[in-house]
Every structure is written in structure tokens, then in C-alpha cells.
Amino acid sequence: MRTRIKVCGITTPDDAAMAARAGADYVGVVLTESPRRVTAERAREIAIALPAEALLVAVFAAESPEEVESRLEGLPVHAVQVRGWDDERVGPGYEVWRVLRSPAIEPAALPMVPLRTYLLDATDPELPGGTGKRADWDWARRGVNAGLRLIVAGGLDPDNVTELIQEIRPFGVDASSGLESEVGKKSPERIRAFIERIREADSERPRRS
């Protein structure tokens with residue numbers, strides 16, 4: 001299985017296009033309080049810079065559905081990444097990726113039908129992401145074993161993503177601060193190295209019988 005790749009905390013159209021060329025499946029723009037927050041206008045510029053095969057994800061903290069809609073302002077997003085929404089709620093025309101931070105609930109107790117995407121991130125009382133902290137890989141392993149469509153974020157970079165994929169085999173991975181040359185500015189070299197390590201790890205996965 002091919003690991004899906006999200007490069008988050010994109011702040012410029014040039015960085016978005018560069019990440020897509022390198023092989024990112026998803027590009028994340030932060031529309032909530034964060035050092036990497038962008039305006040709706042800048043997010044639209046980033047969306048325009050993306051090729052059709054790269055999808056835009058809007059990142060929020062725990063805003064209400066009404067507030068999310070008002071901030072999107074018609075932005076063509078593939079998914080909204082948010083925590084705190086009830087299980088039944090779906091977005092009009094976009095996926096909802098439910099963020100989990102140090103979840104007390106066991107993965108097997110989470111709804112999986114209809115198909116849901118969960119994103120496991122590290123806990124931080126201030127920031128919605130991009131903290132550089134590592135998520136709970138043991139929980140991630142249990143989540144994947146339980147059948148969750150799980151994206152793992154939290155402190156990922158070119159140096160540790162191989163280990164994650166080999167050990168956990170999640171649906172996807174998400175990195176932000178680990179791919180930067182400075183806050184809000186992505187490093188082409190680190191992004192290319194990150195994606196190359198992922199593809200190498202994918203090629204070494206044993207095939208399921």
C-alpha cells in the first residue's frame with residue numbers, strides 16, 4: 001500500500017507547488033491561530049498553485065462547523081482537519097478529518113463506518129499542530145491494527161518517518177515543522193528527503209498474501 005503524504009503549514013504558493021512536485025498528496029493550510037496561519041485570500045492563491053493531483057486540506061483547532069464555513073469562504077478544499085465535531089457531522093462537499101490528541105478512547109471503540117479519516121497528533125495546549133512533538137505511536141499501532149484509516153502527525157521528519165512506516169504502516173503521514181528551514185518556510189531539500197524515505201519504506205513493505 002502506498003503511504004499518503006501531507007505537507008502541512010504551507011504559507012506560500014511557491015512552497016505549495018514545490019511540495020506537490022516532490023510528490024505530496026495533500027497540502028495543508030492553517031486557518032486557525034498558529035505561527036503558520038494564512039488568510040483565506042492567501043489560501044486561495046495556494047489552491048490555485050496546486051496541480052489537480054494535489055489536494056488542499058484546511059486545518060482548524062476546535063472551531064464550530066459554522067465558524068469553519070465562514071473562514072473557508074468558498075475555498076476549494078478536499079478536507080477540513082478539526083477536532084471536537086460529533087461523529088455524524090459531515091461537511092458540505094468535503095471530508096472531515098477528525099483530530100485525535102492523546103485519546104483516552106481505544107481505537108477499536110471509534111466509528112469506522114461510514115469511512116472516516118482520523119489524524120493522530122501530539123498534545124499541545126496552545127497550537128493545533130506544527131509543534132514538533134511526537135504523537136503516541138503505540139496508540140497509532142493499535143489504531144492501524146483495529147482497521148482505522150489513520151494519518152499520523154507529530155514530530156515527523158526525514159530522520160524518523162521510515163521507522164514509523166515500517167513499524168506502524170498508517171494510511172498516511174503528516175509533517176510540518178520537521179520540513180522547515182524556518183517557521184513558515186518549507187525546505188525543498190527536507191521535503192524531497194522526507195518523500196523519498198517514505199517511498200523507499202513503501203517499497204520495502206512485505207506484500208499481503
# chains A, B, ... in the order shown; residues from 1 in each chain; ligands from 1

call {"tool": "select_by_dssp", "arguments": {"residues": "range 61-198 of chain A", "states": "strand (DSSP E or B)", "output": "number ranges by chain"}}
result
A: 79-82, 95-101, 117-121, 149-152, 172-175, 180-182, 185-186

call {"tool": "residues_around", "arguments": {"residues": "range 92-105 of chain A", "least_positions_apart": "5", "cutoff": "7 Å", "atoms": "only C-alpha atoms", "output": "ChimeraX atom specification"}}
result
/A:77-83,117-123,136

call {"tool": "write_last_selection", "arguments": {"atoms": "C-alpha atoms", "output": "tab-separated table (two decimals), in the first residue's frame"}}
result
chain	number	residue	atom	x	y	z
A	77	VAL	CA	-10.81	22.15	-0.02
A	78	HIS	CA	-10.69	18.38	-0.18
A	79	ALA	CA	-10.89	18.07	3.60
A	80	VAL	CA	-11.23	20.00	6.83
A	81	GLN	CA	-9.00	18.89	9.70
A	82	VAL	CA	-10.63	19.62	13.06
A	83	ARG	CA	-11.31	18.14	16.49
A	117	THR	CA	-10.25	9.54	8.41
A	118	TYR	CA	-8.58	10.12	11.77
A	119	LEU	CA	-5.45	12.17	12.30
A	120	LEU	CA	-3.34	11.42	15.37
A	121	ASP	CA	-1.25	14.35	16.58
A	122	ALA	CA	0.75	15.25	19.66
A	123	THR	CA	-0.89	17.09	22.52
A	136	ASP	CA	1.65	8.31	20.63

call {"tool": "closest_residue", "arguments": {"among": "A:Gly184, A:Gly147, A:Gly23, A:Pro158", "to": "Ala54 in chain A", "atoms": "only C-alpha atoms"}}
result
A:Gly23

call {"tool": "select_by_dssp", "arguments": {"residues": "chain A", "states": "helix (DSSP H, G or I)", "output": "PyMOL selection string"}}
result
chain A and resi 13-22+40-49+65-72+107-109+137-145+161-168+177-179+188-203

call {"tool": "residues_around", "arguments": {"residues": "range 171-177 of chain A", "least_positions_apart": "3", "cutoff": "9 Å", "atoms": "only C-alpha atoms", "output": "ChimeraX atom specification"}}
result
/A:1-10,26,28,119,129-132,144,148-157,161,164-165,180-184,186,194

call {"tool": "closest_residue", "arguments": {"among": "A:Gly74, A:Thr12, A:Leu50, A:Ala19", "to": "Glu189 in chain A", "atoms": "only C-alpha atoms"}}
result
A:Ala19

call {"tool": "residues_around", "arguments": {"residues": "range 70-72 of chain A", "least_positions_apart": "2", "cutoff": "12 Å", "atoms": "only C-alpha atoms", "output": "PDB file with C-alpha atoms, in the first residue's frame"}}
result
ATOM      1  CA  VAL A  29      -3.090  25.402   5.112  1.00  0.00           C
ATOM      2  CA  VAL A  30      -3.714  26.595   8.671  1.00  0.00           C
ATOM      3  CA  LEU A  31      -6.784  28.804   9.130  1.00  0.00           C
ATOM      4  CA  THR A  32      -6.668  28.983  12.914  1.00  0.00           C
ATOM      5  CA  ARG A  37      -1.761  30.835   9.835  1.00  0.00           C
ATOM      6  CA  VAL A  38      -2.716  32.201   6.411  1.00  0.00           C
ATOM      7  CA  THR A  39      -5.601  34.359   5.291  1.00  0.00           C
ATOM      8  CA  ALA A  40      -8.430  32.977   3.163  1.00  0.00           C
ATOM      9  CA  GLU A  41      -7.079  35.034   0.264  1.00  0.00           C
ATOM     10  CA  ARG A  42      -3.600  33.502   0.598  1.00  0.00           C
ATOM     11  CA  ALA A  43      -5.169  30.043   0.915  1.00  0.00           C
ATOM     12  CA  ARG A  44      -6.943  30.604  -2.406  1.00  0.00           C
ATOM     13  CA  LEU A  56      -5.918  21.045  -0.255  1.00  0.00           C
ATOM     14  CA  VAL A  57      -6.651  20.456   3.433  1.00  0.00           C
ATOM     15  CA  ALA A  58      -7.812  23.306   5.692  1.00  0.00           C
ATOM     16  CA  VAL A  59      -6.531  22.953   9.252  1.00  0.00           C
ATOM     17  CA  PHE A  60      -8.528  24.169  12.247  1.00  0.00           C
ATOM     18  CA  GLU A  63     -13.933  25.665  15.817  1.00  0.00           C
ATOM     19  CA  SER A  64     -17.639  25.090  15.303  1.00  0.00           C
ATOM     20  CA  PRO A  65     -18.916  23.977  11.892  1.00  0.00           C
ATOM     21  CA  GLU A  66     -20.423  27.435  11.399  1.00  0.00           C
ATOM     22  CA  GLU A  67     -17.122  29.162  12.087  1.00  0.00           C
ATOM     23  CA  VAL A  68     -15.261  26.781   9.807  1.00  0.00           C
ATOM     24  CA  GLY A  74     -15.715  29.114  -0.681  1.00  0.00           C
ATOM     25  CA  LEU A  75     -12.145  27.770  -0.594  1.00  0.00           C
ATOM     26  CA  PRO A  76     -11.970  24.564  -2.709  1.00  0.00           C
ATOM     27  CA  VAL A  77     -10.806  22.148  -0.017  1.00  0.00           C
ATOM     28  CA  HIS A  78     -10.687  18.376  -0.178  1.00  0.00           C
ATOM     29  CA  ALA A  79     -10.893  18.068   3.604  1.00  0.00           C
ATOM     30  CA  VAL A  80     -11.230  20.004   6.834  1.00  0.00           C
ATOM     31  CA  GLY A  91     -19.007  18.782   5.589  1.00  0.00           C
ATOM     32  CA  PRO A  92     -20.844  20.010   2.505  1.00  0.00           C
ATOM     33  CA  TYR A  94     -15.514  17.999   1.757  1.00  0.00           C
TER      34      TYR A  94
END

call {"tool": "closest_residue", "arguments": {"among": "A:Ala16, A:Ile195, A:Val27, A:Ala108", "to": "Leu55 in chain A", "atoms": "only C-alpha atoms"}}
result
A:Val27

call {"tool": "atom_distance", "arguments": {"atom1": "CA of Asn160 in chain A", "atom2": "CA of Ser34 in chain A"}}
result
24.2 Å

call {"tool": "atom_distance", "arguments": {"atom1": "CA of Lys185 in chain A", "atom2": "CA of Ala17 in chain A"}}
result
13.1 Å

call {"tool": "decode", "arguments": {"residues": "range 34-70 of chain A", "atoms": "N, CA, C and O atoms", "output": "compact mmCIF listing (two decimals), in the first residue's frame"}}
result
# COMPACT_ATOMS: atom_id res chain seq x y z
N SER A 34 -2.03 30.21 14.81
CA SER A 34 -0.79 29.46 14.61
C SER A 34 0.24 30.40 14.02
O SER A 34 -0.11 31.36 13.32
N PRO A 35 1.53 30.13 14.26
CA PRO A 35 2.56 30.92 13.57
C PRO A 35 2.51 30.75 12.05
O PRO A 35 3.07 31.56 11.33
N ARG A 36 1.82 29.71 11.59
CA ARG A 36 1.74 29.42 10.15
C ARG A 36 0.37 29.76 9.57
O ARG A 36 0.04 29.32 8.47
N ARG A 37 -0.42 30.51 10.32
CA ARG A 37 -1.76 30.84 9.84
C ARG A 37 -1.69 31.68 8.58
O ARG A 37 -0.85 32.58 8.44
N VAL A 38 -2.61 31.39 7.63
CA VAL A 38 -2.72 32.20 6.41
C VAL A 38 -4.13 32.75 6.32
O VAL A 38 -5.06 32.25 6.94
N THR A 39 -4.28 33.78 5.53
CA THR A 39 -5.60 34.36 5.29
C THR A 39 -6.34 33.50 4.26
O THR A 39 -5.73 32.70 3.54
N ALA A 40 -7.65 33.69 4.17
CA ALA A 40 -8.43 32.98 3.16
C ALA A 40 -7.95 33.35 1.76
O ALA A 40 -7.91 32.51 0.85
N GLU A 41 -7.58 34.60 1.57
CA GLU A 41 -7.08 35.03 0.26
C GLU A 41 -5.79 34.32 -0.10
O GLU A 41 -5.61 33.84 -1.23
N ARG A 42 -4.85 34.21 0.86
CA ARG A 42 -3.60 33.50 0.60
C ARG A 42 -3.87 32.01 0.37
O ARG A 42 -3.24 31.38 -0.49
N ALA A 43 -4.82 31.45 1.11
CA ALA A 43 -5.17 30.04 0.91
C ALA A 43 -5.68 29.80 -0.50
O ALA A 43 -5.38 28.77 -1.12
N ARG A 44 -6.46 30.74 -1.03
CA ARG A 44 -6.94 30.60 -2.41
C ARG A 44 -5.78 30.66 -3.40
O ARG A 44 -5.75 29.92 -4.40
N GLU A 45 -4.81 31.52 -3.15
CA GLU A 45 -3.63 31.59 -4.02
C GLU A 45 -2.87 30.26 -3.99
O GLU A 45 -2.37 29.79 -5.02
N ILE A 46 -2.79 29.67 -2.80
CA ILE A 46 -2.12 28.37 -2.66
C ILE A 46 -2.90 27.30 -3.42
O ILE A 46 -2.31 26.46 -4.12
N ALA A 47 -4.22 27.34 -3.32
CA ALA A 47 -5.05 26.36 -4.04
C ALA A 47 -4.83 26.46 -5.55
O ALA A 47 -4.74 25.45 -6.25
N ILE A 48 -4.74 27.67 -6.07
CA ILE A 48 -4.54 27.88 -7.50
C ILE A 48 -3.20 27.32 -7.95
O ILE A 48 -3.05 26.83 -9.08
N ALA A 49 -2.20 27.38 -7.06
CA ALA A 49 -0.86 26.92 -7.41
C ALA A 49 -0.72 25.40 -7.46
O ALA A 49 0.26 24.88 -7.99
N LEU A 50 -1.71 24.68 -6.94
CA LEU A 50 -1.62 23.23 -6.86
C LEU A 50 -2.06 22.56 -8.16
O LEU A 50 -3.06 22.96 -8.75
N PRO A 51 -1.35 21.51 -8.58
CA PRO A 51 -1.84 20.72 -9.70
C PRO A 51 -3.06 19.90 -9.26
O PRO A 51 -3.31 19.75 -8.06
N ALA A 52 -3.78 19.36 -10.21
CA ALA A 52 -5.04 18.68 -9.90
C ALA A 52 -4.84 17.49 -8.98
O ALA A 52 -5.73 17.14 -8.20
N GLU A 53 -3.68 16.83 -9.05
CA GLU A 53 -3.47 15.62 -8.26
C GLU A 53 -3.12 15.89 -6.80
O GLU A 53 -3.11 14.98 -5.97
N ALA A 54 -2.83 17.13 -6.44
CA ALA A 54 -2.53 17.50 -5.06
C ALA A 54 -3.76 18.17 -4.45
O ALA A 54 -4.33 19.10 -5.04
N LEU A 55 -4.17 17.72 -3.28
CA LEU A 55 -5.43 18.16 -2.68
C LEU A 55 -5.19 19.07 -1.48
O LEU A 55 -4.23 18.86 -0.71
N LEU A 56 -6.07 20.05 -1.32
CA LEU A 56 -5.92 21.04 -0.26
C LEU A 56 -6.69 20.62 0.99
O LEU A 56 -7.85 20.21 0.92
N VAL A 57 -6.03 20.75 2.14
CA VAL A 57 -6.65 20.46 3.43
C VAL A 57 -6.59 21.72 4.28
O VAL A 57 -5.52 22.32 4.45
N ALA A 58 -7.74 22.13 4.82
CA ALA A 58 -7.81 23.31 5.69
C ALA A 58 -7.73 22.84 7.14
O ALA A 58 -8.52 21.99 7.57
N VAL A 59 -6.80 23.39 7.89
CA VAL A 59 -6.53 22.95 9.25
C VAL A 59 -7.13 23.93 10.25
O VAL A 59 -6.87 25.14 10.19
N PHE A 60 -7.92 23.38 11.19
CA PHE A 60 -8.53 24.17 12.25
C PHE A 60 -8.18 23.54 13.60
O PHE A 60 -7.55 22.48 13.66
N ALA A 61 -8.59 24.20 14.66
CA ALA A 61 -8.39 23.65 16.00
C ALA A 61 -9.67 22.94 16.42
O ALA A 61 -9.87 21.78 16.09
N ALA A 62 -10.54 23.65 17.14
CA ALA A 62 -11.81 23.05 17.58
C ALA A 62 -12.96 24.01 17.30
O ALA A 62 -13.92 24.08 18.06
N GLU A 63 -12.88 24.73 16.18
CA GLU A 63 -13.93 25.66 15.82
C GLU A 63 -15.24 24.94 15.50
O GLU A 63 -15.24 23.76 15.14
N SER A 64 -16.33 25.66 15.63
CA SER A 64 -17.64 25.09 15.30
C SER A 64 -17.77 24.94 13.79
O SER A 64 -17.06 25.62 13.02
N PRO A 65 -18.68 24.09 13.34
CA PRO A 65 -18.92 23.98 11.89
C PRO A 65 -19.28 25.31 11.24
O PRO A 65 -18.84 25.60 10.12
N GLU A 66 -20.04 26.14 11.95
CA GLU A 66 -20.42 27.44 11.40
C GLU A 66 -19.21 28.35 11.22
O GLU A 66 -19.08 29.05 10.21
N GLU A 67 -18.31 28.32 12.19
CA GLU A 67 -17.12 29.16 12.09
C GLU A 67 -16.19 28.65 10.99
O GLU A 67 -15.58 29.45 10.26
N VAL A 68 -16.07 27.35 10.87
CA VAL A 68 -15.26 26.78 9.81
C VAL A 68 -15.78 27.23 8.45
O VAL A 68 -15.03 27.68 7.59
N GLU A 69 -17.10 27.14 8.24
CA GLU A 69 -17.69 27.54 6.98
C GLU A 69 -17.41 29.01 6.67
O GLU A 69 -17.10 29.37 5.53
N SER A 70 -17.49 29.85 7.70
CA SER A 70 -17.27 31.28 7.47
C SER A 70 -15.82 31.56 7.10
O SER A 70 -15.53 32.47 6.31
